[in-house]
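Visitor: So here's work11.tsv (TSV, C-alpha atoms and all ligand atoms).
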chain	number	residue	atom	x	y	z
M	1	MET	CA	1.39	18.84	-12.96
M	2	LYS	CA	4.55	18.99	-15.11
M	3	THR	CA	4.35	17.14	-18.41
M	4	LEU	CA	6.62	16.78	-21.42
M	5	GLU	CA	5.10	19.94	-22.88
M	6	ASP	CA	6.83	21.98	-20.18
M	7	PHE	CA	10.25	21.02	-21.53
M	8	ASN	CA	12.21	21.50	-24.71
M	9	PHE	CA	14.63	18.61	-25.00
M	10	GLU	CA	16.95	20.16	-27.58
M	11	ASP	CA	20.50	18.94	-26.77
M	12	LYS	CA	19.14	17.38	-23.56
M	13	LYS	CA	19.34	13.77	-22.45
M	14	ALA	CA	16.13	12.41	-20.96
M	15	LEU	CA	16.20	9.52	-18.49
M	16	ILE	CA	12.88	7.79	-19.06
M	17	ARG	CA	11.39	5.09	-16.80
M	18	VAL	CA	9.30	3.03	-19.20
M	19	ASP	CA	7.34	-0.15	-18.55
M	20	PHE	CA	8.89	-2.62	-20.98
M	21	ASN	CA	7.91	-5.59	-18.82
M	22	VAL	CA	6.60	-7.37	-21.92
M	23	PRO	CA	5.82	-11.06	-22.41
M	24	LEU	CA	8.50	-13.02	-24.34
M	25	ASP	CA	7.81	-16.24	-26.25
M	26	ALA	CA	9.99	-19.38	-26.14
M	27	ASP	CA	12.40	-17.84	-28.70
M	28	PHE	CA	12.65	-14.60	-26.68
M	29	ASN	CA	10.57	-12.63	-29.17
M	30	VAL	CA	8.19	-9.98	-27.83
M	31	ALA	CA	4.76	-11.64	-27.75
M	32	ASP	CA	2.73	-8.46	-27.13
M	33	THR	CA	4.16	-5.04	-28.03
M	34	SER	CA	1.41	-2.90	-26.47
M	35	ARG	CA	3.64	-1.56	-23.68
M	36	ILE	CA	6.34	-0.53	-26.15
M	37	ASP	CA	3.74	1.04	-28.46
M	38	ALA	CA	2.36	2.94	-25.47
M	39	ALA	CA	5.76	4.53	-24.72
M	40	LYS	CA	6.37	5.62	-28.32
M	41	PRO	CA	4.80	9.14	-28.21
M	42	THR	CA	6.97	10.15	-25.25
M	43	ILE	CA	10.18	8.90	-26.85
M	44	LEU	CA	9.35	10.55	-30.18
M	45	LYS	CA	8.62	13.94	-28.60
M	46	ILE	CA	12.07	13.94	-26.99
M	47	LEU	CA	13.85	12.91	-30.20
M	48	GLU	CA	11.85	15.37	-32.30
M	49	ASP	CA	12.83	18.21	-29.96
M	50	GLY	CA	16.47	17.32	-30.76
M	51	GLY	CA	17.21	15.41	-27.56
M	52	SER	CA	18.27	11.86	-26.78
M	53	ALA	CA	16.61	9.19	-24.65
M	54	VAL	CA	17.96	6.78	-22.04
M	55	LEU	CA	15.35	4.07	-21.44
M	56	MET	CA	15.24	2.10	-18.21
M	57	SER	CA	12.84	-0.70	-17.27
M	58	HIS	CA	12.50	-3.97	-15.46
M	59	LEU	CA	11.58	-7.27	-17.12
M	60	GLY	CA	10.18	-10.14	-15.09
M	61	ARG	CA	11.39	-10.94	-11.60
M	62	PRO	CA	15.11	-11.77	-11.75
M	63	LYS	CA	15.41	-10.97	-8.02
M	64	GLY	CA	18.87	-9.45	-8.16
M	65	GLN	CA	20.33	-12.18	-10.43
M	66	ARG	CA	21.73	-11.51	-13.91
M	67	ASN	CA	19.31	-13.99	-15.46
M	68	GLN	CA	19.90	-13.67	-19.22
M	69	ASP	CA	16.40	-15.00	-19.96
M	70	MET	CA	15.20	-11.68	-18.58
M	71	SER	CA	17.75	-9.48	-20.33
M	72	LEU	CA	16.32	-6.45	-22.10
M	73	LYS	CA	18.68	-7.24	-25.01
M	74	HIS	CA	15.88	-9.53	-26.25
M	75	ILE	CA	13.57	-6.58	-26.89
M	76	CYS	CA	16.11	-4.16	-28.38
M	77	ASN	CA	15.26	-4.86	-32.04
M	78	THR	CA	11.53	-4.70	-31.41
M	79	VAL	CA	11.91	-1.31	-29.74
M	80	SER	CA	14.05	-0.15	-32.69
M	81	ASP	CA	11.36	-1.28	-35.18
M	82	ILE	CA	8.55	0.41	-33.28
M	83	ILE	CA	10.33	3.73	-32.70
M	84	GLY	CA	12.04	3.73	-36.10
M	85	VAL	CA	15.52	4.37	-34.67
M	86	GLN	CA	18.22	1.74	-34.09
M	87	VAL	CA	18.39	1.49	-30.30
M	88	LYS	CA	21.78	1.07	-28.60
M	89	PHE	CA	21.87	-1.46	-25.78
M	90	VAL	CA	24.22	-1.48	-22.81
M	91	GLU	CA	24.69	-4.64	-20.72
M	92	ASP	CA	24.25	-2.92	-17.37
M	93	CYS	CA	22.10	-0.19	-15.89
M	94	VAL	CA	24.79	1.47	-13.74
M	95	GLY	CA	28.61	1.49	-13.79
M	96	GLU	CA	31.45	2.23	-16.18
M	97	LYS	CA	29.95	0.71	-19.32
M	98	VAL	CA	26.85	2.83	-18.90
M	99	ASP	CA	28.92	5.94	-18.08
M	100	GLU	CA	30.73	5.51	-21.39
M	101	ALA	CA	27.64	4.81	-23.47
M	102	TYR	CA	25.93	7.82	-21.88
M	103	ALA	CA	28.87	10.13	-22.58
M	104	ASN	CA	28.79	9.07	-26.24
M	105	LEU	CA	25.02	9.43	-26.65
M	106	GLU	CA	24.13	12.03	-29.27
M	107	SER	CA	20.94	13.91	-30.12
M	108	GLY	CA	18.42	11.70	-31.87
M	109	GLU	CA	19.83	8.52	-30.30
M	110	ILE	CA	18.28	6.04	-27.88
M	111	LEU	CA	20.14	4.04	-25.25
M	112	LEU	CA	18.40	1.08	-23.58
M	113	LEU	CA	19.80	0.06	-20.20
M	114	GLU	CA	19.86	-3.53	-18.91
M	115	ASN	CA	17.11	-4.85	-16.60
M	116	LEU	CA	16.98	-2.72	-13.44
M	117	ARG	CA	15.94	-5.70	-11.34
M	118	PHE	CA	19.31	-7.40	-11.92
M	119	TYR	CA	20.03	-5.28	-8.83
M	120	ASP	CA	18.11	-5.81	-5.58
M	121	GLU	CA	18.68	-2.12	-4.93
M	122	GLU	CA	16.00	-1.34	-7.50
M	123	THR	CA	13.09	-2.92	-5.62
M	124	SER	CA	14.44	-1.96	-2.18
M	125	GLY	CA	14.39	1.69	-3.31
M	126	ASP	CA	18.08	2.18	-2.51
M	127	SER	CA	19.13	5.86	-2.61
M	128	GLU	CA	22.72	5.25	-3.71
M	129	PHE	CA	21.53	3.15	-6.63
M	130	ALA	CA	18.95	5.81	-7.51
M	131	GLU	CA	21.67	8.47	-7.39
M	132	LYS	CA	23.79	6.43	-9.83
M	133	LEU	CA	20.82	6.16	-12.19
M	134	SER	CA	20.22	9.90	-11.91
M	135	LYS	CA	23.55	10.57	-13.64
M	136	TYR	CA	22.04	9.31	-16.88
M	137	GLY	CA	19.78	12.23	-17.67
M	138	ASP	CA	19.34	16.00	-17.58
M	139	VAL	CA	15.60	15.48	-17.14
M	140	TYR	CA	13.78	12.55	-15.51
M	141	VAL	CA	10.58	11.40	-17.21
M	142	ASN	CA	8.32	8.80	-15.60
M	143	ASP	CA	6.10	7.07	-18.16
M	144	ALA	CA	5.62	3.74	-16.38
M	145	PHE	CA	2.12	3.65	-14.90
M	146	GLY	CA	2.37	-0.12	-14.36
M	147	THR	CA	5.00	0.39	-11.64
M	148	ALA	CA	3.86	3.78	-10.30
M	149	HIS	CA	2.47	2.08	-7.16
M	150	ARG	CA	5.96	0.88	-6.21
M	151	ALA	CA	8.48	3.07	-4.35
M	152	HIS	CA	11.38	1.57	-6.30
M	153	ALA	CA	14.67	3.33	-7.08
M	154	SER	CA	13.83	4.04	-10.74
M	155	THR	CA	10.12	4.83	-10.27
M	156	THR	CA	10.22	7.07	-7.20
M	157	ILE	CA	13.55	7.61	-5.40
M	158	VAL	CA	15.45	8.79	-8.51
M	159	ALA	CA	13.04	11.73	-8.83
M	160	ASN	CA	14.62	13.27	-5.70
M	161	TYR	CA	17.75	13.97	-7.75
M	162	PHE	CA	15.81	16.07	-10.28
M	163	PRO	CA	14.10	18.67	-8.06
M	164	GLU	CA	13.16	20.91	-11.01
M	165	ASN	CA	13.76	18.73	-14.05
M	166	LYS	CA	11.20	15.95	-13.74
M	167	CYS	CA	7.87	15.31	-15.42
M	168	PHE	CA	5.25	12.78	-16.43
M	169	GLY	CA	5.46	11.14	-19.84
M	170	TYR	CA	2.40	11.18	-22.11
M	171	LEU	CA	1.21	7.73	-21.05
M	172	LEU	CA	1.38	8.38	-17.33
M	173	ALA	CA	-0.29	11.77	-17.80
M	174	LYS	CA	-3.11	10.09	-19.74
M	175	GLU	CA	-3.65	7.53	-16.97
M	176	ILE	CA	-3.75	10.26	-14.31
M	177	LYS	CA	-6.27	12.31	-16.32
M	178	ALA	CA	-8.49	9.26	-16.92
M	179	ILE	CA	-8.58	8.44	-13.20
M	180	GLU	CA	-9.27	12.10	-12.34
M	181	LYS	CA	-12.14	12.15	-14.78
M	182	VAL	CA	-13.82	9.23	-13.07
M	183	MET	CA	-12.99	10.09	-9.47
M	184	GLN	CA	-13.19	13.89	-9.45
M	185	THR	CA	-14.18	15.80	-12.53
M	186	GLY	CA	-16.45	13.42	-14.43
M	187	GLU	CA	-19.82	14.57	-15.73
M	188	LYS	CA	-22.76	13.08	-13.78
M	189	PRO	CA	-24.29	10.58	-13.55
M	190	VAL	CA	-21.14	8.65	-12.71
M	191	THR	CA	-21.46	4.85	-12.71
M	192	ALA	CA	-19.02	2.22	-11.52
M	193	ILE	CA	-19.43	-1.38	-12.60
M	194	LEU	CA	-17.61	-3.72	-10.25
M	195	GLY	CA	-17.39	-7.41	-10.97
M	196	GLY	CA	-14.83	-10.11	-10.39
M	197	ALA	CA	-14.69	-13.01	-8.04
M	198	LYS	CA	-14.55	-11.73	-4.48
M	199	VAL	CA	-15.89	-8.94	-2.29
M	200	SER	CA	-12.76	-9.14	-0.14
M	201	SER	CA	-10.46	-8.04	-2.99
M	202	LYS	CA	-12.69	-5.10	-3.96
M	203	ILE	CA	-13.81	-3.82	-0.58
M	204	THR	CA	-11.42	-0.86	-0.36
M	205	ILE	CA	-12.41	0.22	-3.86
M	206	ILE	CA	-16.11	0.02	-3.02
M	207	GLU	CA	-15.67	2.06	0.15
M	208	ASN	CA	-13.66	4.72	-1.70
M	209	ILE	CA	-15.93	5.07	-4.71
M	210	LEU	CA	-19.15	5.34	-2.71
M	211	ASP	CA	-18.18	8.99	-2.27
M	212	LYS	CA	-17.64	9.52	-5.99
M	213	VAL	CA	-20.40	7.71	-7.91
M	214	ASP	CA	-24.15	8.03	-8.39
M	215	HIS	CA	-24.67	4.39	-9.42
M	216	LEU	CA	-22.81	1.25	-8.42
M	217	ILE	CA	-23.44	-1.89	-10.43
M	218	ILE	CA	-22.29	-5.01	-8.62
M	219	GLY	CA	-21.87	-8.18	-10.67
M	220	GLY	CA	-19.81	-11.35	-10.95
M	221	GLY	CA	-18.96	-13.62	-8.05
M	222	MET	CA	-19.31	-10.74	-5.56
M	223	THR	CA	-23.06	-10.79	-6.10
M	224	TYR	CA	-23.73	-13.87	-4.00
M	225	THR	CA	-22.28	-12.52	-0.77
M	226	PHE	CA	-24.67	-9.56	-1.06
M	227	ILE	CA	-27.66	-11.77	-1.95
M	228	LYS	CA	-27.08	-14.32	0.81
M	229	ALA	CA	-26.54	-11.51	3.33
M	230	GLN	CA	-30.06	-10.30	2.49
M	231	GLY	CA	-31.53	-13.76	3.05
M	232	GLY	CA	-31.40	-15.09	-0.55
M	233	LYS	CA	-30.61	-18.69	-1.52
M	234	VAL	CA	-27.41	-18.80	-3.58
M	235	GLY	CA	-26.98	-22.59	-3.89
M	236	ASP	CA	-23.34	-23.49	-4.56
M	237	SER	CA	-22.39	-20.05	-5.91
M	238	ILE	CA	-19.11	-18.51	-4.79
M	239	CYS	CA	-19.83	-16.71	-1.51
M	240	GLU	CA	-17.77	-15.25	1.31
M	241	ASP	CA	-19.82	-15.89	4.44
M	242	ASP	CA	-17.41	-13.91	6.60
M	243	LYS	CA	-18.01	-10.84	4.43
M	244	MET	CA	-21.83	-10.87	4.64
M	245	GLU	CA	-21.99	-8.34	7.45
M	246	LEU	CA	-19.66	-6.08	5.50
M	247	ALA	CA	-21.91	-6.43	2.46
M	248	LEU	CA	-24.92	-5.23	4.49
M	249	GLU	CA	-22.86	-2.36	5.82
M	250	ILE	CA	-21.95	-1.34	2.26
M	251	LEU	CA	-25.64	-1.36	1.29
M	252	ASN	CA	-26.44	0.88	4.28
M	253	GLN	CA	-23.54	3.22	3.55
M	254	ALA	CA	-24.67	3.52	-0.06
M	255	LYS	CA	-28.19	4.42	1.04
M	256	ALA	CA	-26.86	7.07	3.43
M	257	LYS	CA	-24.69	8.57	0.67
M	258	GLY	CA	-27.45	8.52	-1.93
M	259	VAL	CA	-25.69	5.99	-4.17
M	260	GLU	CA	-28.02	3.66	-6.06
M	261	ILE	CA	-26.78	0.08	-5.92
M	262	HIS	CA	-27.78	-2.25	-8.74
M	263	LEU	CA	-27.45	-5.96	-8.04
M	264	PRO	CA	-28.43	-8.78	-10.41
M	265	VAL	CA	-32.06	-9.92	-10.27
M	266	ASP	CA	-31.47	-13.11	-12.23
M	267	VAL	CA	-28.45	-15.23	-13.12
M	268	LEU	CA	-27.37	-17.94	-15.50
M	269	ALA	CA	-26.95	-20.86	-13.12
M	270	ALA	CA	-24.97	-24.01	-13.96
M	271	ASP	CA	-24.89	-27.47	-12.42
M	272	ALA	CA	-21.07	-27.46	-12.51
M	273	PHE	CA	-18.16	-25.02	-12.93
M	274	ASP	CA	-17.76	-26.21	-16.50
M	275	ASN	CA	-18.29	-24.74	-19.97
M	276	ASN	CA	-20.44	-27.76	-20.87
M	277	ALA	CA	-22.53	-27.74	-17.70
M	278	LYS	CA	-26.34	-27.71	-17.84
M	279	THR	CA	-27.56	-24.11	-17.46
M	280	GLN	CA	-30.76	-22.24	-16.65
M	281	ALA	CA	-31.69	-18.63	-15.91
M	282	VAL	CA	-33.09	-18.34	-12.38
M	283	ALA	CA	-33.91	-15.63	-9.85
M	284	VAL	CA	-30.71	-14.51	-8.13
M	285	ASP	CA	-32.09	-15.33	-4.66
M	286	ALA	CA	-33.53	-18.75	-5.53
M	287	ILE	CA	-30.59	-20.79	-6.76
M	288	ALA	CA	-31.05	-24.48	-5.93
M	289	ASP	CA	-28.41	-26.48	-4.11
M	290	GLY	CA	-26.09	-28.13	-6.58
M	291	TRP	CA	-26.33	-25.08	-8.88
M	292	GLN	CA	-24.12	-21.99	-9.03
M	293	GLY	CA	-24.51	-18.59	-10.67
M	294	LEU	CA	-21.80	-18.11	-13.29
M	295	ASP	CA	-23.10	-15.20	-15.36
M	296	ALA	CA	-25.63	-12.38	-15.23
M	297	GLY	CA	-29.16	-13.27	-16.42
M	298	PRO	CA	-31.19	-11.54	-19.19
M	299	ALA	CA	-33.35	-9.31	-16.95
M	300	THR	CA	-30.25	-8.20	-15.07
M	301	LEU	CA	-28.45	-7.30	-18.27
M	302	ASP	CA	-31.43	-5.20	-19.39
M	303	ASN	CA	-31.34	-3.33	-16.07
M	304	PHE	CA	-27.58	-2.83	-16.19
M	305	ARG	CA	-27.81	-1.61	-19.79
M	306	ASP	CA	-30.40	1.03	-18.82
M	307	VAL	CA	-28.16	2.36	-16.05
M	308	ILE	CA	-25.08	2.39	-18.29
M	309	LEU	CA	-26.90	4.20	-21.11
M	310	LYS	CA	-27.99	7.05	-18.86
M	311	SER	CA	-24.46	7.50	-17.46
M	312	LYS	CA	-22.05	10.20	-18.58
M	313	THR	CA	-19.00	8.78	-16.84
M	314	ILE	CA	-18.36	5.05	-16.53
M	315	LEU	CA	-15.75	3.00	-14.70
M	316	TRP	CA	-15.57	-0.74	-15.35
M	317	ASN	CA	-13.54	-3.06	-13.17
M	318	GLY	CA	-14.14	-6.79	-13.18
M	319	PRO	CA	-16.17	-9.15	-15.39
M	320	VAL	CA	-19.81	-9.95	-14.50
M	321	GLY	CA	-19.40	-13.67	-15.20
M	322	VAL	CA	-16.83	-16.38	-15.74
M	323	PHE	CA	-15.96	-14.88	-19.14
M	324	GLU	CA	-13.07	-17.29	-19.67
M	325	MET	CA	-15.71	-19.94	-20.51
M	326	GLU	CA	-17.73	-19.19	-23.63
M	327	SER	CA	-20.99	-20.31	-22.03
M	328	PHE	CA	-20.66	-17.65	-19.32
M	329	ALA	CA	-19.17	-14.77	-21.33
M	330	LYS	CA	-22.44	-13.28	-22.62
M	331	GLY	CA	-22.98	-11.01	-19.61
M	332	THR	CA	-19.50	-9.50	-19.82
M	333	ILE	CA	-19.90	-8.99	-23.59
M	334	ALA	CA	-23.29	-7.32	-23.02
M	335	ILE	CA	-21.72	-4.91	-20.52
M	336	GLY	CA	-19.00	-4.12	-23.09
M	337	ASN	CA	-21.66	-3.47	-25.76
M	338	ALA	CA	-23.64	-1.15	-23.46
M	339	ILE	CA	-20.49	0.80	-22.57
M	340	ASP	CA	-19.64	1.01	-26.27
M	341	GLU	CA	-23.09	2.48	-26.97
M	342	ALA	CA	-22.87	4.94	-24.06
M	343	THR	CA	-19.39	6.02	-25.22
M	344	GLN	CA	-20.70	6.62	-28.76
M	345	ASN	CA	-23.38	8.81	-27.16
M	346	GLY	CA	-20.69	10.94	-25.53
M	347	ALA	CA	-19.97	9.26	-22.19
M	348	PHE	CA	-16.40	8.91	-20.91
M	349	SER	CA	-15.56	5.28	-20.16
M	350	LEU	CA	-12.52	3.91	-18.34
M	351	VAL	CA	-11.72	0.21	-18.07
M	352	GLY	CA	-9.04	-0.67	-15.59
M	353	GLY	CA	-7.52	-3.07	-13.15
M	354	GLY	CA	-7.48	-6.83	-13.35
M	355	ASP	CA	-9.50	-9.08	-15.55
M	356	SER	CA	-11.82	-6.56	-17.18
M	357	VAL	CA	-8.84	-5.37	-19.25
M	358	ALA	CA	-8.26	-8.96	-20.43
M	359	ALA	CA	-11.98	-9.29	-21.22
M	360	VAL	CA	-12.05	-5.99	-23.13
M	361	LYS	CA	-9.08	-7.09	-25.23
M	362	GLN	CA	-10.47	-10.60	-25.79
M	363	PHE	CA	-13.85	-9.33	-27.00
M	364	GLY	CA	-12.51	-6.45	-29.11
M	365	PHE	CA	-13.81	-3.51	-27.03
M	366	GLU	CA	-10.38	-1.93	-26.66
M	367	ASP	CA	-11.00	0.77	-29.28
M	368	LYS	CA	-14.64	1.27	-28.33
M	369	VAL	CA	-14.17	2.55	-24.79
M	370	SER	CA	-12.57	5.92	-24.03
M	371	TYR	CA	-9.55	4.55	-22.18
M	372	VAL	CA	-8.11	1.18	-21.19
M	373	SER	CA	-5.61	1.44	-18.36
M	374	THR	CA	-2.14	-0.07	-18.80
M	375	GLY	CA	-1.62	-0.75	-15.09
M	376	GLY	CA	-3.32	-3.52	-13.11
M	377	GLY	CA	-2.14	-3.04	-9.54
M	378	ALA	CA	-1.49	0.67	-10.04
M	379	MET	CA	-5.06	1.21	-11.26
M	380	LEU	CA	-6.56	-0.80	-8.39
M	381	GLU	CA	-4.60	1.25	-5.85
M	382	SER	CA	-5.69	4.49	-7.55
M	383	LEU	CA	-9.33	3.39	-7.34
M	384	GLU	CA	-8.77	2.61	-3.67
M	385	GLY	CA	-7.91	6.29	-3.28
M	386	LYS	CA	-4.21	5.80	-2.59
M	387	THR	CA	-1.61	8.28	-3.79
M	388	LEU	CA	0.86	6.32	-5.86
M	389	PRO	CA	4.50	6.96	-4.83
M	390	GLY	CA	5.70	7.27	-8.44
M	391	ILE	CA	3.15	10.00	-9.07
M	392	ALA	CA	3.76	11.79	-5.77
M	393	ALA	CA	7.51	11.87	-6.51
M	394	ILE	CA	6.93	13.90	-9.69
M	395	LEU	CA	4.41	16.23	-8.05
M	396	GLY	CA	6.56	16.81	-4.93
M	401	LIG	P1	-11.06	-10.06	-10.58
M	401	LIG	O1	-9.62	-10.41	-10.85
M	401	LIG	O2	-11.37	-9.78	-9.15
M	401	LIG	O3	-11.56	-9.01	-11.53
M	401	LIG	O4	-11.89	-11.41	-10.84
M	401	LIG	C1	-12.01	-11.93	-12.12
M	401	LIG	C2	-12.47	-13.34	-12.04
M	401	LIG	O5	-13.76	-13.42	-11.51
M	401	LIG	C3	-12.55	-13.95	-13.42
M	401	LIG	O6	-11.57	-14.94	-13.53
M	401	LIG	C4	-13.95	-14.54	-13.48
M	401	LIG	O7	-13.98	-15.84	-14.00
M	401	LIG	C5	-14.37	-14.58	-12.01
M	401	LIG	N1	-15.83	-14.55	-11.86
M	401	LIG	C6	-16.70	-13.69	-12.35
M	401	LIG	N2	-17.97	-14.07	-12.05
M	401	LIG	C7	-17.89	-15.21	-11.34
M	401	LIG	C8	-18.86	-16.09	-10.75
M	401	LIG	N3	-20.16	-15.84	-10.84
M	401	LIG	N4	-18.40	-17.18	-10.12
M	401	LIG	C9	-17.09	-17.42	-10.04
M	401	LIG	N5	-16.13	-16.63	-10.56
M	401	LIG	C10	-16.53	-15.53	-11.22
Translate this structure into C-alpha cells?

Guide:
Amino acid sequence: MKTLEDFNFEDKKALIRVDFNVPLDADFNVADTSRIDAAKPTILKILEDGGSAVLMSHLGRPKGQRNQDMSLKHICNTVSDIIGVQVKFVEDCVGEKVDEAYANLESGEILLLENLRFYDEETSGDSEFAEKLSKYGDVYVNDAFGTAHRAHASTTIVANYFPENKCFGYLLAKEIKAIEKVMQTGEKPVTAILGGAKVSSKITIIENILDKVDHLIIGGGMTYTFIKAQGGKVGDSICEDDKMELALEILNQAKAKGVEIHLPVDVLAADAFDNNAKTQAVAVDAIADGWQGLDAGPATLDNFRDVILKSKTILWNGPVGVFEMESFAKGTIAIGNAIDEATQNGAFSLVGGGDSVAAVKQFGFEDKVSYVSTGGGAMLESLEGKTLPGIAAILG
C-alpha cells in the first residue's frame, strides 16, 4: 500500500483529491471545518518536502451546472487560514485557465481548482475528463475517503494516468487501517454494536461481519424485528414484518458461526414518538399496544456494558435509541461511555457510518474513541465487505 511516505515531493506538483464538501452557512462561510482540518497533514507533508499542491474537490450537487452557490471560491480563505498558506483559486478545474495557473505554480504554493461537479463528466467517470485532470500533477494523491466508494473521474479514473506515481493521503490511509483493524487484524474479542432504525439497511453489514466478530450487539429500531420474529410482543415499535424470517436466519447463522448475539432484554417504552411522551421501562418482548420502544432499558445497558468492557476491538454503527430526543438519548450515551472506558483500558474503537458519528459528535465522545470515520457511505460499503473503487485504483 503506497502512502505519502513513499514519495519525496521536492520540486514535484501533487494533484490531491480532497473531500472539501463542507457545509456553508447563509453567508457562504464554512460552517464546519472538520473536512479541511482532516486534509491538513497531507497538504503540509507535500509543502514541507518542497513541493506544491493542486487541490480538487466537489461541493454539493451542482449536477453539471456552474452554480456559483456551490463554487469552491467560498472556502478559499478558510483553507488558507487552516493550512497557513494563501491558497490560489482558479475558476475552472480543466482548460486554459487551469493550464496557466498550473504552469505558474511554484514550490510551497497551493492551487485550489473549481468544483469538479460543474462537469457531468466527473460523476460519469469520463476518461477524457480524467486525462485532462491528470495533467495537473506529477503524483496523484487520493485523500478523500468520503467519495472513495464512487468511481468518479477524480476519485478513481484519474489514477489510471499515474501507473507508478499514485498513493493514499494520510487521512485515507488512516481510514483503511482503522477498517482493517476491525475487520481483519483486530485483537479478540471483537465486538460490533449495530443500531439504527431498520434491519433492511444493515442486513449486508450484519451478514459480512458475522465472519469477523465474536460478539454482535443489536440495538435501536432493529431490535423489534428480531424480538417479534421470536414471538415477542413489540406493541407499536418500529418493525419490519417482511424481514422477520431474515432475522431468524441471522440468529441461526450467528449460532453456526459461534458469534454471540446480544439483544435488548428491556426497553424504555413511550406512549408516543415524542420527547414529552409518557415512558416506562418494560421487558422487550412485552410491550403493550399503544406503546413503542424508543431506547434501551437499564438491564440491557448493563449487559451491553459488560460485553463492551471485555472487548479488545469495538465497532459502533448506529444509535441504540432515538438519540435526537433527549428523553431517549440515555442508551446511546451509555454505549458511548462504555466504549470510552474500554478504549481507556486499551481497546481499539472505531465509530463509523451514519448517525452514530452524529451522536458521537453531539455527546462529545469524538476524542474518547480511537477513530471516528469521515465517510458515511464509504464506511458502510467497507463494512459490507465491498472493495471501494477509489481504494482499488491506488492499489491496482
Ligand atoms: P441509521 O441511520 O440506520 O443509523 O439510523 C439512525 C436512526 O435510527 C436515528 O435517527 C434514530 O432516531 C433511529 N432509531 C434508533 N432507535 C430507534 C427506535 N427504537 N425507534 C425508532 N427509531 C430509532

Visitor: Ligand LIG 401 (chain M): which residues are within 7 Å, counting all atoms listed in the file, as a PyMOL selection string?

Guide: chain M and resi 195-198+201+220-221+237-238+293-295+317-324+354-356

Visitor: What is the CA of Ile16 (chain M)-CA of Ile110 (chain M) distance in Å, reported with one decimal?

Guide: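 For CA of Ile16 (chain M) relative to CA of Ile110 (chain M), the distance reads 10.5 Å.
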
Visitor: From the set M:Pro23, M:Gly169, M:Gly219, M:Gly232, which residue has the shortest atom-to-atom contact distance to Ile75 (chain M), counting all atoms listed in the file?

Guide: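 Closest candidate: M:Pro23.
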
Visitor: Near region 3-10 of chain M, within 10 Å and counting all atoms listed in the file, which residues show up once chain neighbours fewer than 5 positions away are dropped, as a list in words?

Guide: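 So the residues in contact are Thr42, Lys45, Ile46, Leu47, Glu48, Asp49, Gly50, Gly51, Ser52, Ala53, Ser107, Gly108, Asp138, Val139, Val141, Asn142, Asn165, Lys166, Cys167, Phe168, Gly169, Tyr170, Leu172, Ala173 and Ile394 of chain M.
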
Visitor: Have a look at M:Glu114, M:Thr387, M:Lys312, M:Ile82 and name the one nearest to Gln68 (chain M); count all atoms listed in the file.

Guide: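 The answer is M:Glu114, which sits nearest to Gln68 (chain M).
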
Visitor: Can you work out which one of M:Val213, M:Pro189, M:Lys257, M:Ala283 has the shortest atom-to-atom distance to Ala347 (chain M), counting only C-alpha atoms?

Guide: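 Looking only at the distances to Ala347 (chain M), the closest residue turns out to be M:Pro189.
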
Visitor: For Phe304 (chain M), which of M:Thr191, M:Glu164, M:Ile217, M:Leu395 is the closest residue, counting only C-alpha atoms?

Guide: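 The closest residue to Phe304 (chain M) is M:Ile217.
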
Visitor: Which is closest to Gly331 (chain M) among M:Gly297, M:Gly375, M:Gly290, M:Gly346, if we use all atoms listed in the file?

Guide: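 Of all the options, M:Gly297 lies closest to Gly331 (chain M).
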
Visitor: Work out how far CA of His215 (chain M) is from CA of Ala296 (chain M), in Å to one decimal.

Guide: 17.8 Å

Visitor: Which of these residues is nearest to Lys310 (chain M), using all atoms listed in the file: M:Val190, M:Val182, M:Val372, M:Ile203?

Guide: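 Of M:Val190, M:Val182, M:Val372, M:Ile203, the one nearest Lys310 (chain M), counting all atoms listed in the file, is M:Val190.
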
Visitor: Which value, in Å to one decimal, gives the distance between CA of Thr156 (chain M) and CA of Ala393 (chain M)?

Guide: 5.6 Å

Visitor: I'd like the neighbourhood of Ile227 (chain M) as a ChimeraX atom specification, where a residue qualifies if any of its atoms comes within 10 Å (using all atoms listed in the file), though same-chain residues fewer than 6 positions away should be ignored.

Guide: /M:233-234,239,244,247-248,263-265,284-286

Visitor: Just give me the residues with any atom within 8 Å of (21.9, -11.0, -6.8), file coordinates, counting all atoms listed in the file, written as an NGL selection string.

Guide: :M and (63-66 or 118-120)

Visitor: What would region 169-175 of chain M look like with N, CA, C and O atoms in place, written as a short mmCIF file (atom, residue, chain, number, x, y, z; two decimals), in the frame of the given file?

Guide:
data_model
loop_
_atom_site.label_atom_id
_atom_site.label_comp_id
_atom_site.auth_asym_id
_atom_site.auth_seq_id
_atom_site.Cartn_x
_atom_site.Cartn_y
_atom_site.Cartn_z
N GLY M 169 5.54 11.40 -18.41
CA GLY M 169 5.46 11.14 -19.84
C GLY M 169 4.00 11.17 -20.28
O GLY M 169 3.09 11.25 -19.44
N TYR M 170 3.77 11.10 -21.58
CA TYR M 170 2.40 11.18 -22.11
C TYR M 170 1.50 10.07 -21.57
O TYR M 170 0.33 10.29 -21.28
N LEU M 171 2.04 8.86 -21.48
CA LEU M 171 1.21 7.73 -21.05
C LEU M 171 0.77 7.89 -19.60
O LEU M 171 -0.42 7.76 -19.29
N LEU M 172 1.71 8.21 -18.75
CA LEU M 172 1.38 8.38 -17.33
C LEU M 172 0.41 9.55 -17.15
O LEU M 172 -0.55 9.46 -16.37
N ALA M 173 0.62 10.62 -17.90
CA ALA M 173 -0.29 11.77 -17.80
C ALA M 173 -1.71 11.37 -18.22
O ALA M 173 -2.69 11.79 -17.61
N LYS M 174 -1.79 10.54 -19.26
CA LYS M 174 -3.11 10.09 -19.74
C LYS M 174 -3.83 9.25 -18.68
O LYS M 174 -5.02 9.38 -18.46
N GLU M 175 -3.07 8.38 -18.03
CA GLU M 175 -3.65 7.53 -16.97
C GLU M 175 -4.17 8.40 -15.83
O GLU M 175 -5.27 8.19 -15.33
#
